[in-house]
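> One file: start_33.tsv (TSV, C-alpha atoms).
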chain	number	residue	atom	x	y	z
A	1	MET	CA	-77.89	-19.31	-15.06
A	2	SER	CA	-77.89	-18.46	-11.33
A	3	LEU	CA	-75.89	-15.90	-9.40
A	4	GLU	CA	-73.66	-16.81	-6.49
A	5	ARG	CA	-74.04	-13.32	-5.04
A	6	THR	CA	-76.99	-10.96	-5.15
A	7	ASN	CA	-76.52	-7.80	-7.22
A	8	TRP	CA	-77.94	-5.33	-4.70
A	9	THR	CA	-77.72	-2.36	-7.08
A	10	GLY	CA	-80.06	-4.14	-9.49
A	11	VAL	CA	-82.38	-5.18	-6.66
A	12	ALA	CA	-82.57	-1.65	-5.20
A	13	PHE	CA	-83.17	0.04	-8.54
A	14	GLY	CA	-85.73	-2.53	-9.67
A	15	LEU	CA	-87.71	-2.20	-6.45
A	16	THR	CA	-87.61	1.60	-6.21
A	17	VAL	CA	-88.60	2.20	-9.82
A	18	ALA	CA	-91.51	-0.24	-9.44
A	19	ILE	CA	-92.59	1.46	-6.19
A	20	PHE	CA	-92.52	4.79	-7.99
A	21	ALA	CA	-94.75	3.36	-10.73
A	22	ALA	CA	-97.27	2.29	-8.07
A	23	PHE	CA	-97.07	5.73	-6.47
A	24	GLN	CA	-98.02	7.27	-9.81
A	25	MET	CA	-101.00	4.95	-10.14
A	26	PHE	CA	-102.29	5.37	-6.58
A	27	LYS	CA	-101.82	9.10	-6.19
A	28	LEU	CA	-105.40	9.49	-7.43
A	29	PRO	CA	-107.70	7.38	-5.12
A	30	PRO	CA	-106.91	9.29	-1.88
A	31	LEU	CA	-107.93	12.50	-3.66
A	32	MET	CA	-110.99	11.03	-5.36
A	33	PRO	CA	-113.50	12.64	-2.94
A	34	VAL	CA	-111.88	16.07	-3.48
A	35	LEU	CA	-111.74	15.72	-7.27
A	36	LEU	CA	-115.34	14.50	-7.53
A	37	GLU	CA	-116.55	17.42	-5.45
A	38	ARG	CA	-114.47	20.04	-7.27
A	39	TYR	CA	-114.79	18.92	-10.89
A	40	GLY	CA	-118.01	16.89	-10.84
A	41	TYR	CA	-116.64	13.93	-12.84
A	42	ASP	CA	-119.05	11.19	-13.79
A	43	ARG	CA	-118.38	8.22	-11.46
A	44	THR	CA	-117.90	5.74	-14.28
A	45	LEU	CA	-115.41	8.11	-15.94
A	46	ALA	CA	-113.68	8.55	-12.55
A	47	GLY	CA	-113.42	4.76	-12.20
A	48	GLY	CA	-111.79	4.82	-15.61
A	49	PHE	CA	-108.98	6.98	-14.25
A	50	MET	CA	-107.70	3.79	-12.59
A	51	SER	CA	-108.94	1.27	-15.12
A	52	VAL	CA	-107.25	3.01	-18.07
A	53	TYR	CA	-103.90	2.16	-16.49
A	54	ALA	CA	-104.81	-1.47	-17.01
A	55	LEU	CA	-106.06	-0.90	-20.55
A	56	SER	CA	-102.69	0.56	-21.51
A	57	GLY	CA	-100.90	-2.36	-19.89
A	58	LEU	CA	-103.26	-4.89	-21.43
A	59	ALA	CA	-102.44	-3.67	-24.90
A	60	PHE	CA	-98.67	-3.70	-24.44
A	61	SER	CA	-97.60	-6.04	-21.60
A	62	LEU	CA	-96.78	-9.03	-23.81
A	63	TYR	CA	-94.76	-6.80	-26.15
A	64	ILE	CA	-93.00	-5.13	-23.23
A	65	GLY	CA	-92.09	-8.53	-21.78
A	66	ARG	CA	-90.38	-9.50	-25.03
A	67	LEU	CA	-88.75	-6.06	-25.23
A	68	VAL	CA	-87.28	-6.33	-21.72
A	69	GLU	CA	-86.00	-9.82	-22.52
A	70	ARG	CA	-84.31	-8.55	-25.70
A	71	LEU	CA	-83.02	-5.11	-24.65
A	72	GLY	CA	-82.69	-5.44	-20.90
A	73	PRO	CA	-84.69	-3.35	-18.41
A	74	LEU	CA	-83.18	0.14	-18.59
A	75	LYS	CA	-84.43	1.28	-22.00
A	76	PRO	CA	-88.06	0.25	-21.26
A	77	VAL	CA	-87.77	1.99	-17.88
A	78	LEU	CA	-86.57	5.20	-19.52
A	79	GLY	CA	-89.40	5.12	-22.08
A	80	GLY	CA	-91.95	4.47	-19.32
A	81	LEU	CA	-90.71	7.40	-17.26
A	82	LEU	CA	-90.97	9.80	-20.21
A	83	LEU	CA	-94.57	8.70	-20.85
A	84	MET	CA	-95.39	9.29	-17.19
A	85	LEU	CA	-93.86	12.75	-17.38
A	86	ILE	CA	-96.07	13.71	-20.35
A	87	GLY	CA	-99.18	12.26	-18.66
A	88	ASN	CA	-98.63	14.18	-15.44
A	89	LEU	CA	-98.10	17.45	-17.30
A	90	LEU	CA	-101.31	16.98	-19.32
A	91	ALA	CA	-103.46	16.25	-16.25
A	92	LEU	CA	-102.01	19.23	-14.44
A	93	ALA	CA	-102.71	21.53	-17.40
A	94	HIS	CA	-106.52	20.98	-17.60
A	95	PRO	CA	-107.89	18.97	-14.64
A	96	GLU	CA	-111.42	20.25	-15.30
A	97	SER	CA	-111.55	18.16	-18.49
A	98	GLY	CA	-112.36	14.62	-17.39
A	99	TRP	CA	-111.58	13.16	-20.80
A	100	LEU	CA	-108.19	14.86	-20.96
A	101	VAL	CA	-107.38	13.52	-17.49
A	102	LEU	CA	-108.39	10.07	-18.75
A	103	ALA	CA	-106.02	10.42	-21.73
A	104	ALA	CA	-103.24	11.61	-19.42
A	105	ARG	CA	-103.79	8.61	-17.14
A	106	ALA	CA	-103.64	6.35	-20.20
A	107	LEU	CA	-100.14	7.66	-20.98
A	108	GLU	CA	-99.14	7.20	-17.36
A	109	GLY	CA	-100.54	3.68	-17.53
A	110	LEU	CA	-98.46	2.81	-20.57
A	111	GLY	CA	-95.38	4.00	-18.68
A	112	PHE	CA	-96.50	1.99	-15.66
A	113	ALA	CA	-96.70	-1.16	-17.81
A	114	GLY	CA	-93.03	-0.82	-18.71
A	115	LEU	CA	-91.90	-0.22	-15.14
A	116	ALA	CA	-94.18	-2.95	-13.76
A	117	ILE	CA	-92.42	-5.59	-15.88
A	118	ALA	CA	-88.86	-4.21	-16.01
A	119	GLY	CA	-88.61	-3.52	-12.26
A	120	PRO	CA	-89.66	-6.96	-10.92
A	121	THR	CA	-87.74	-8.70	-13.72
A	122	LEU	CA	-84.57	-6.83	-12.74
A	123	VAL	CA	-85.05	-7.82	-9.08
A	124	ASN	CA	-85.56	-11.44	-10.10
A	125	HIS	CA	-82.48	-11.49	-12.34
A	126	SER	CA	-80.32	-9.72	-9.75
A	127	ALA	CA	-81.06	-12.14	-6.88
A	128	SER	CA	-78.96	-15.13	-5.97
A	129	GLN	CA	-80.82	-18.41	-5.53
A	130	ARG	CA	-80.37	-18.02	-1.76
A	131	HIS	CA	-82.05	-14.61	-1.62
A	132	LEU	CA	-84.67	-15.14	-4.35
A	133	PRO	CA	-87.61	-16.34	-2.16
A	134	LEU	CA	-87.22	-13.42	0.25
A	135	LEU	CA	-86.82	-10.92	-2.57
A	136	VAL	CA	-89.98	-12.27	-4.20
A	137	GLY	CA	-91.74	-11.07	-1.03
A	138	PHE	CA	-90.20	-7.64	-1.46
A	139	THR	CA	-91.17	-7.68	-5.15
A	140	ALA	CA	-94.78	-8.30	-4.17
A	141	ILE	CA	-94.95	-5.16	-1.99
A	142	TRP	CA	-93.93	-2.61	-4.59
A	143	ILE	CA	-97.58	-1.82	-5.31
A	144	PRO	CA	-98.71	-1.38	-1.67
A	145	VAL	CA	-95.57	0.56	-0.71
A	146	GLY	CA	-96.25	2.97	-3.58
A	147	GLN	CA	-99.88	3.06	-2.48
A	148	VAL	CA	-98.97	3.94	1.11
A	149	THR	CA	-96.53	6.61	-0.08
A	150	ALA	CA	-99.21	8.23	-2.24
A	151	SER	CA	-101.77	8.02	0.57
A	152	LEU	CA	-99.44	9.78	3.00
A	153	ALA	CA	-98.44	12.43	0.47
A	154	ALA	CA	-102.02	13.27	-0.60
A	155	PRO	CA	-103.22	14.85	2.69
A	156	LEU	CA	-99.91	16.67	2.97
A	157	ALA	CA	-100.50	18.22	-0.45
A	158	LEU	CA	-104.00	19.29	0.64
A	159	GLU	CA	-102.68	20.80	3.86
A	160	LEU	CA	-100.10	22.76	1.87
A	161	GLY	CA	-102.91	24.20	-0.24
A	162	SER	CA	-103.61	22.17	-3.36
A	163	TRP	CA	-103.99	18.62	-4.67
A	164	GLN	CA	-101.90	19.74	-7.68
A	165	LEU	CA	-98.81	19.71	-5.45
A	166	LEU	CA	-98.95	15.90	-5.49
A	167	TRP	CA	-98.72	15.92	-9.29
A	168	ILE	CA	-95.84	18.42	-9.18
A	169	PHE	CA	-94.05	16.13	-6.72
A	170	ALA	CA	-94.62	13.20	-9.10
A	171	ILE	CA	-93.11	15.20	-11.97
A	172	LEU	CA	-90.00	16.03	-9.93
A	173	LEU	CA	-89.57	12.39	-8.90
A	174	THR	CA	-89.94	11.32	-12.53
A	175	LEU	CA	-87.08	13.60	-13.51
A	176	VAL	CA	-84.95	12.19	-10.69
A	177	PHE	CA	-85.57	8.63	-11.92
A	178	VAL	CA	-84.81	9.63	-15.51
A	179	ALA	CA	-81.44	11.00	-14.37
A	180	LEU	CA	-80.74	7.89	-12.29
A	181	THR	CA	-81.60	5.57	-15.19
A	182	LEU	CA	-79.30	7.46	-17.55
A	183	TRP	CA	-76.52	7.33	-14.94
A	184	LEU	CA	-76.89	3.56	-14.50
A	185	GLN	CA	-77.04	3.04	-18.26
A	186	ALA	CA	-73.99	5.19	-19.02
A	187	GLY	CA	-71.83	3.53	-16.38
A	188	GLN	CA	-73.18	0.00	-16.86
A	189	ARG	CA	-73.48	-0.12	-13.08
A	190	LEU	CA	-75.98	-2.97	-12.88
A	191	GLY	CA	-73.18	-5.45	-13.37
A	192	GLN	CA	-73.90	-9.17	-13.60
A	193	THR	CA	-77.46	-10.49	-13.49
A	194	ALA	CA	-79.06	-13.83	-14.26
A	195	ALA	CA	-80.74	-12.37	-17.36
A	196	PRO	CA	-79.87	-13.98	-20.70
A	197	LYS	CA	-77.89	-11.75	-23.03
A	198	ALA	CA	-79.60	-10.43	-26.13
A	199	THR	CA	-77.10	-12.26	-28.33
A	200	GLN	CA	-77.31	-15.52	-26.43
A	201	SER	CA	-79.03	-18.28	-28.42
A	202	ALA	CA	-79.07	-20.97	-25.73
A	203	VAL	CA	-82.20	-19.74	-23.97
A	204	PRO	CA	-84.08	-22.68	-22.39
A	205	LYS	CA	-87.03	-24.01	-24.33
A	206	ARG	CA	-90.54	-23.87	-22.96
A	207	ARG	CA	-91.37	-26.56	-20.46
A	208	PRO	CA	-94.21	-28.93	-21.44
A	209	GLY	CA	-97.43	-27.41	-20.10
A	210	GLU	CA	-95.79	-24.04	-19.41
A	211	THR	CA	-98.12	-21.98	-21.59
A	212	LEU	CA	-101.27	-23.33	-19.92
A	213	ALA	CA	-99.76	-22.78	-16.46
A	214	LEU	CA	-98.86	-19.18	-17.27
A	215	TRP	CA	-102.33	-18.37	-18.56
A	216	LEU	CA	-103.92	-20.00	-15.50
A	217	ALA	CA	-101.66	-17.81	-13.34
A	218	ALA	CA	-102.77	-14.83	-15.46
A	219	GLY	CA	-106.38	-15.83	-14.79
A	220	VAL	CA	-105.77	-15.88	-11.05
A	221	PHE	CA	-104.13	-12.45	-11.26
A	222	LEU	CA	-107.06	-11.17	-13.36
A	223	LEU	CA	-109.73	-12.19	-10.86
A	224	TRP	CA	-107.72	-11.20	-7.81
A	225	SER	CA	-106.62	-7.80	-9.10
A	226	GLY	CA	-110.17	-7.01	-10.27
A	227	GLN	CA	-111.59	-7.20	-6.76
A	228	TYR	CA	-108.48	-5.72	-5.10
A	229	PHE	CA	-108.24	-2.63	-7.30
A	230	ALA	CA	-111.99	-2.03	-7.16
A	231	PHE	CA	-111.72	-2.17	-3.37
A	232	MET	CA	-108.72	0.14	-3.22
A	233	THR	CA	-110.03	2.63	-5.78
A	234	TRP	CA	-113.35	3.21	-4.03
A	235	LEU	CA	-112.57	2.46	-0.36
A	236	PRO	CA	-111.98	6.14	0.60
A	237	GLN	CA	-115.26	7.17	-1.06
A	238	TYR	CA	-117.08	4.24	0.59
A	239	LEU	CA	-115.79	5.19	4.05
A	240	VAL	CA	-116.83	8.81	3.51
A	241	GLU	CA	-120.33	7.97	2.21
A	242	ALA	CA	-121.33	4.77	4.00
A	243	HIS	CA	-119.51	5.28	7.30
A	244	GLU	CA	-119.73	9.11	7.30
A	245	LEU	CA	-116.03	9.53	8.10
A	246	ASP	CA	-114.11	12.69	7.32
A	247	LEU	CA	-111.35	12.39	4.72
A	248	SER	CA	-108.50	12.04	7.24
A	249	HIS	CA	-110.20	9.13	9.04
A	250	ALA	CA	-111.19	7.58	5.71
A	251	LEU	CA	-107.55	7.64	4.59
A	252	ALA	CA	-106.52	5.97	7.87
A	253	GLY	CA	-109.03	3.18	7.19
A	254	TYR	CA	-107.76	2.98	3.61
A	255	LEU	CA	-104.17	2.55	4.78
A	256	LEU	CA	-104.84	-0.14	7.40
A	257	PRO	CA	-105.25	-3.14	5.05
A	258	VAL	CA	-102.36	-1.88	2.92
A	259	VAL	CA	-99.97	-1.82	5.89
A	260	VAL	CA	-101.10	-5.31	6.93
A	261	LEU	CA	-100.64	-6.40	3.31
A	262	ILE	CA	-97.01	-5.24	3.29
A	263	VAL	CA	-96.21	-7.15	6.49
A	264	PHE	CA	-97.78	-10.39	5.28
A	265	ALA	CA	-96.26	-10.15	1.81
A	266	LEU	CA	-92.84	-10.24	3.49
A	267	ILE	CA	-93.96	-13.08	5.79
A	268	ALA	CA	-95.10	-15.00	2.72
A	269	GLY	CA	-91.65	-14.61	1.14
A	270	TRP	CA	-90.10	-16.01	4.33
A	271	LEU	CA	-92.56	-18.94	4.30
A	272	LEU	CA	-91.69	-19.74	0.68
A	273	ARG	CA	-88.01	-19.76	1.63
A	274	LEU	CA	-88.82	-22.27	4.38
A	275	GLY	CA	-90.38	-24.54	1.75
A	276	VAL	CA	-94.11	-23.92	2.24
A	277	PRO	CA	-95.84	-25.07	-1.00
A	278	LEU	CA	-96.52	-22.14	-3.31
A	279	SER	CA	-99.95	-23.29	-4.52
A	280	GLY	CA	-101.19	-24.18	-1.04
A	281	LEU	CA	-100.17	-20.79	0.33
A	282	LEU	CA	-101.92	-19.01	-2.55
A	283	MET	CA	-105.16	-20.93	-2.14
A	284	GLY	CA	-105.25	-20.33	1.62
A	285	ALA	CA	-104.86	-16.59	1.10
A	286	LEU	CA	-107.65	-16.50	-1.47
A	287	ALA	CA	-109.96	-18.42	0.87
A	288	ILE	CA	-109.45	-15.75	3.56
A	289	GLN	CA	-110.32	-12.94	1.14
A	290	ALA	CA	-113.44	-14.71	-0.16
A	291	ALA	CA	-114.65	-15.18	3.42
A	292	VAL	CA	-114.18	-11.46	4.14
A	293	TRP	CA	-116.18	-10.45	1.06
A	294	PHE	CA	-119.14	-12.63	2.01
A	295	TRP	CA	-118.94	-11.49	5.65
A	296	GLN	CA	-118.67	-7.72	4.98
A	297	PRO	CA	-119.73	-6.13	8.32
A	298	GLY	CA	-121.96	-3.07	7.95
A	299	PRO	CA	-121.48	0.53	9.20
A	300	GLU	CA	-123.24	-0.35	12.45
A	301	GLN	CA	-120.42	-2.78	13.35
A	302	PRO	CA	-117.24	-0.64	13.27
A	303	GLY	CA	-115.22	-3.10	15.40
A	304	LEU	CA	-115.98	-6.03	13.12
A	305	GLY	CA	-115.29	-3.81	10.13
A	306	LEU	CA	-111.80	-3.18	11.51
A	307	VAL	CA	-111.23	-6.93	11.90
A	308	ALA	CA	-112.44	-7.48	8.33
A	309	LEU	CA	-110.00	-4.88	6.97
A	310	ILE	CA	-107.12	-6.58	8.80
A	311	ALA	CA	-108.13	-10.06	7.61
A	312	TYR	CA	-108.44	-8.76	4.05
A	313	GLY	CA	-104.95	-7.27	4.33
A	314	VAL	CA	-103.54	-10.63	5.46
A	315	GLY	CA	-104.90	-12.46	2.43
A	316	SER	CA	-104.01	-9.63	0.09
A	317	GLY	CA	-100.41	-9.66	1.29
A	318	ILE	CA	-99.83	-13.36	0.73
A	319	THR	CA	-101.53	-13.52	-2.69
A	320	PRO	CA	-99.26	-11.17	-4.70
A	321	THR	CA	-96.12	-12.74	-3.22
A	322	CYS	CA	-97.29	-16.10	-4.56
A	323	LEU	CA	-98.23	-14.60	-7.93
A	324	PHE	CA	-94.88	-12.83	-8.35
A	325	ALA	CA	-93.15	-16.14	-7.55
A	326	MET	CA	-95.04	-17.89	-10.37
A	327	PRO	CA	-92.91	-16.75	-13.39
A	328	SER	CA	-89.78	-18.39	-12.00
A	329	ALA	CA	-91.69	-21.42	-10.76
A	330	ILE	CA	-93.37	-21.97	-14.12
A	331	ALA	CA	-90.90	-20.79	-16.77
A	332	GLY	CA	-87.52	-20.69	-15.03
A	333	ARG	CA	-85.46	-17.61	-14.24
A	334	GLN	CA	-84.03	-17.06	-17.72
A	335	ARG	CA	-87.50	-16.62	-19.20
A	336	THR	CA	-89.12	-14.52	-16.47
A	337	ALA	CA	-89.52	-11.34	-18.57
A	338	ARG	CA	-91.90	-13.03	-21.02
A	339	ALA	CA	-93.60	-14.88	-18.17
A	340	PHE	CA	-94.16	-11.60	-16.34
A	341	GLY	CA	-95.62	-10.20	-19.56
A	342	VAL	CA	-98.25	-12.97	-19.62
A	343	ILE	CA	-99.31	-12.79	-15.99
A	344	MET	CA	-99.26	-8.97	-15.98
A	345	THR	CA	-101.65	-9.10	-18.94
A	346	GLY	CA	-104.08	-10.97	-16.69
A	347	ARG	CA	-103.52	-8.46	-13.93
A	348	ASN	CA	-104.21	-5.55	-16.26
A	349	VAL	CA	-107.53	-7.04	-17.39
A	350	GLY	CA	-108.60	-7.25	-13.74
A	351	VAL	CA	-107.46	-3.71	-12.94
A	352	PHE	CA	-109.38	-2.45	-15.97
A	353	ILE	CA	-112.63	-4.23	-15.13
A	354	GLY	CA	-112.74	-3.97	-11.32
A	355	PRO	CA	-113.07	-0.22	-10.58
A	356	ILE	CA	-115.55	0.34	-13.42
A	357	LEU	CA	-117.60	-2.72	-12.43
A	358	LEU	CA	-117.98	-1.49	-8.85
A	359	ALA	CA	-118.84	2.03	-10.05
A	360	GLN	CA	-121.56	0.59	-12.32
A	361	ALA	CA	-122.91	-1.60	-9.50
A	362	PHE	CA	-123.22	1.51	-7.33
A	363	GLU	CA	-124.89	3.49	-10.11
A	364	LEU	CA	-127.46	0.73	-10.67
A	365	THR	CA	-128.30	0.08	-7.01
A	366	GLY	CA	-127.33	3.31	-5.22
A	367	SER	CA	-125.69	1.15	-2.54
A	368	TRP	CA	-122.23	-0.17	-1.73
A	369	SER	CA	-123.70	-3.41	-0.31
A	370	THR	CA	-123.55	-5.16	-3.69
A	371	ALA	CA	-119.74	-5.21	-3.52
A	372	GLY	CA	-119.64	-8.07	-0.99
A	373	PRO	CA	-121.47	-10.81	-2.92
A	374	LEU	CA	-120.17	-9.56	-6.29
A	375	PHE	CA	-116.50	-9.79	-5.36
A	376	GLY	CA	-117.05	-12.77	-3.07
A	377	VAL	CA	-118.09	-14.78	-6.13
A	378	CYS	CA	-115.16	-13.27	-8.06
A	379	THR	CA	-112.70	-14.41	-5.37
A	380	LEU	CA	-114.22	-17.90	-5.26
A	381	LEU	CA	-113.67	-18.18	-9.03
A	382	CYS	CA	-110.12	-17.02	-8.40
A	383	LEU	CA	-109.69	-19.79	-5.81
A	384	LEU	CA	-110.97	-22.41	-8.29
A	385	THR	CA	-108.55	-21.15	-10.95
A	386	ALA	CA	-105.70	-21.35	-8.44
A	387	GLY	CA	-106.70	-24.96	-7.80
A	388	ALA	CA	-106.50	-25.71	-11.52
A	389	LEU	CA	-103.06	-24.04	-11.60
A	390	ALA	CA	-101.90	-26.25	-8.71
A	391	VAL	CA	-103.02	-29.35	-10.60
A	392	GLN	CA	-101.17	-28.15	-13.74
A	393	LEU	CA	-97.96	-27.45	-11.83
A	394	ARG	CA	-98.11	-30.89	-10.25
A	395	ALA	CA	-98.63	-32.49	-13.66
A	396	MET	CA	-95.64	-30.60	-15.11
A	397	ALA	CA	-93.42	-31.71	-12.23
A	398	SER	CA	-94.55	-35.34	-12.56
A	399	LYS	CA	-93.90	-35.38	-16.30
A	400	GLU	CA	-90.41	-33.91	-15.88
A	401	ALA	CA	-89.61	-36.42	-13.12
A	402	ALA	CA	-90.75	-39.30	-15.33
A	403	GLU	CA	-88.56	-38.08	-18.21
A	404	ALA	CA	-85.49	-37.52	-16.01
Take the structure from the file and write it as structure tokens.

Amino acid sequence: MSLERTNWTGVAFGLTVAIFAAFQMFKLPPLMPVLLERYGYDRTLAGGFMSVYALSGLAFSLYIGRLVERLGPLKPVLGGLLLMLIGNLLALAHPESGWLVLAARALEGLGFAGLAIAGPTLVNHSASQRHLPLLVGFTAIWIPVGQVTASLAAPLALELGSWQLLWIFAILLTLVFVALTLWLQAGQRLGQTAAPKATQSAVPKRRPGETLALWLAAGVFLLWSGQYFAFMTWLPQYLVEAHELDLSHALAGYLLPVVVLIVFALIAGWLLRLGVPLSGLLMGALAIQAAVWFWQPGPEQPGLGLVALIAYGVGSGITPTCLFAMPSAIAGRQRTARAFGVIMTGRNVGVFIGPILLAQAFELTGSWSTAGPLFGVCTLLCLLTAGALAVQLRAMASKEAAEA
């Protein structure tokens, strides 16, 4: 089923609720230097504050994908928001307890898993075929837009007197989204989408080779998200320690690749609409990121470091656009919820491993310099997996053409 006209209410709600989920996740890294200084958390435990989001998603993403496909997106969104509300309240109650904060972040992460699948799925189902490639680009930026929002709000909270204000703001926004979800649900205001109805039996069967393609895409997402989330979790701390920047300048450096990412994610959506091959675009972006990791200019080369951050942002903008286009490309639009569940499982494994891995590498060596070769190899493996995915997609297309 395809829509003749885009359902802009569904698109807007799907994007904003996903952006809010990313805001919840990324409200912590900009404040990491302050929290480490004030509460003395162990660094590995602090890395777990991000990684536990992924652990929650890893355990439930496949189930959530099936749930969204069966019930539609609004009920999973509502459940996710309530979990986030509880998590925020717990962390605010006893921030001095690192393990309680970890448990609170786990609840937030479970809520994030629901919103991370329901939001992009709703955007995908609400888009007409004409607007789909461009909206895939917008779908890919929900994480960095939430990240930028959190990074801008964090220093404001500190200027107003307390990091806790950022959590209070998150709680208020959660309540707003709960009310909005209930309003949409009560009035059935999402209207027509391309999603199959829960009672509909004529859901397309799996394409030959689809399962392997989805798990290869999940593998790409795993390896890419591992290095990306390690980078974004610890970049403010790295800029403070290795480059001796104050927190405001460190946050500016942290935001630079994210802003570039947003621009190039949208450019990638436009390129896909023009017909640029999906796999080729993905592999080119990964090659850029691998090169940056192996290059990794040191603190004595601030100009080259700036260029590296921009180049990393370029590759990191194109990659998620390609990955969020994969569910439709592999499984077809009527089965995107389950497909998102599979590839988000891969993403969650990477998010879980990456920040802890980099924290452990620092603990073992006492230096940030190990990040370059470690994640350079990781990104090269990601590039090889993307190559295998390209071969699989070509084989699927050839088999279907032969059978037509």
> So, counting only C-alpha atoms, which residue among A:Leu282, A:Leu78, A:Leu389, A:Ile19 is closest to A:Gln185?
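Of A:Leu282, A:Leu78, A:Leu389, A:Ile19, the one nearest A:Gln185, counting only C-alpha atoms, is A:Leu78.
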> Can you tell me, as number ranges by chain, what residues are no more than 9 Å from A:Arg207 when counting only C-alpha atoms, ignoring any on the same chain fewer than 6 positions away?
A: 330-332, 396, 400
> Identify, on the basis of all atoms listed in the file, every residue whose closest approach to A:Val178 does not exceed 12 Å; exclude the query and any residue fewer than 3 positions from it along the same chain; express the result as a PyMOL selection string.
chain A and resi 13+17+20+74-85+171-175+181-185
> For the contact check between stretch 3-51 of chain A and stretch 214-230 of chain A, emit one row per residue of stretch 3-51 of chain A within 9 Å, containing the shortest atom pair and the distance in Å rounded to one decimal, counting only C-alpha atoms, chain then rising number order, as a tab-separated table.

residue	atom	partner	partner_atom	distance
A:Gly47	CA	A:Ala230	CA	8.6
A:Met50	CA	A:Phe229	CA	8.3
A:Ser51	CA	A:Phe229	CA	8.8
> Check the smallest atom-to-atom distance from each of A:Ala12, A:Pro302, A:Gly109, A:Ala116 to A:Glu244 using all atoms listed in the file, then report the winner.
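Of the candidates, the smallest distance to A:Glu244 is held by A:Pro302.
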> Can you pull out every residue within 10 Å of A:Gly315, counting all atoms listed in the file, but drop anything in the same chain fewer than 3 positions away, and send it as a list of chain:residue names?
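Listed by chain and then number, they are A:Pro257, A:Val260, A:Leu261, A:Phe264, A:Ala265, A:Leu281, A:Leu282, A:Met283, A:Gly284, A:Ala285, A:Leu286, A:Ala287, A:Ile288, A:Gln289, A:Ala290, A:Val292, A:Ile310, A:Ala311, A:Tyr312, A:Ile318, A:Thr319, A:Pro320.
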> Return the single residue from A:Ala337, A:Ala54, A:Leu115, A:Leu165 that is closest to A:Phe177, with distances computed using only C-alpha atoms.
A:Leu115
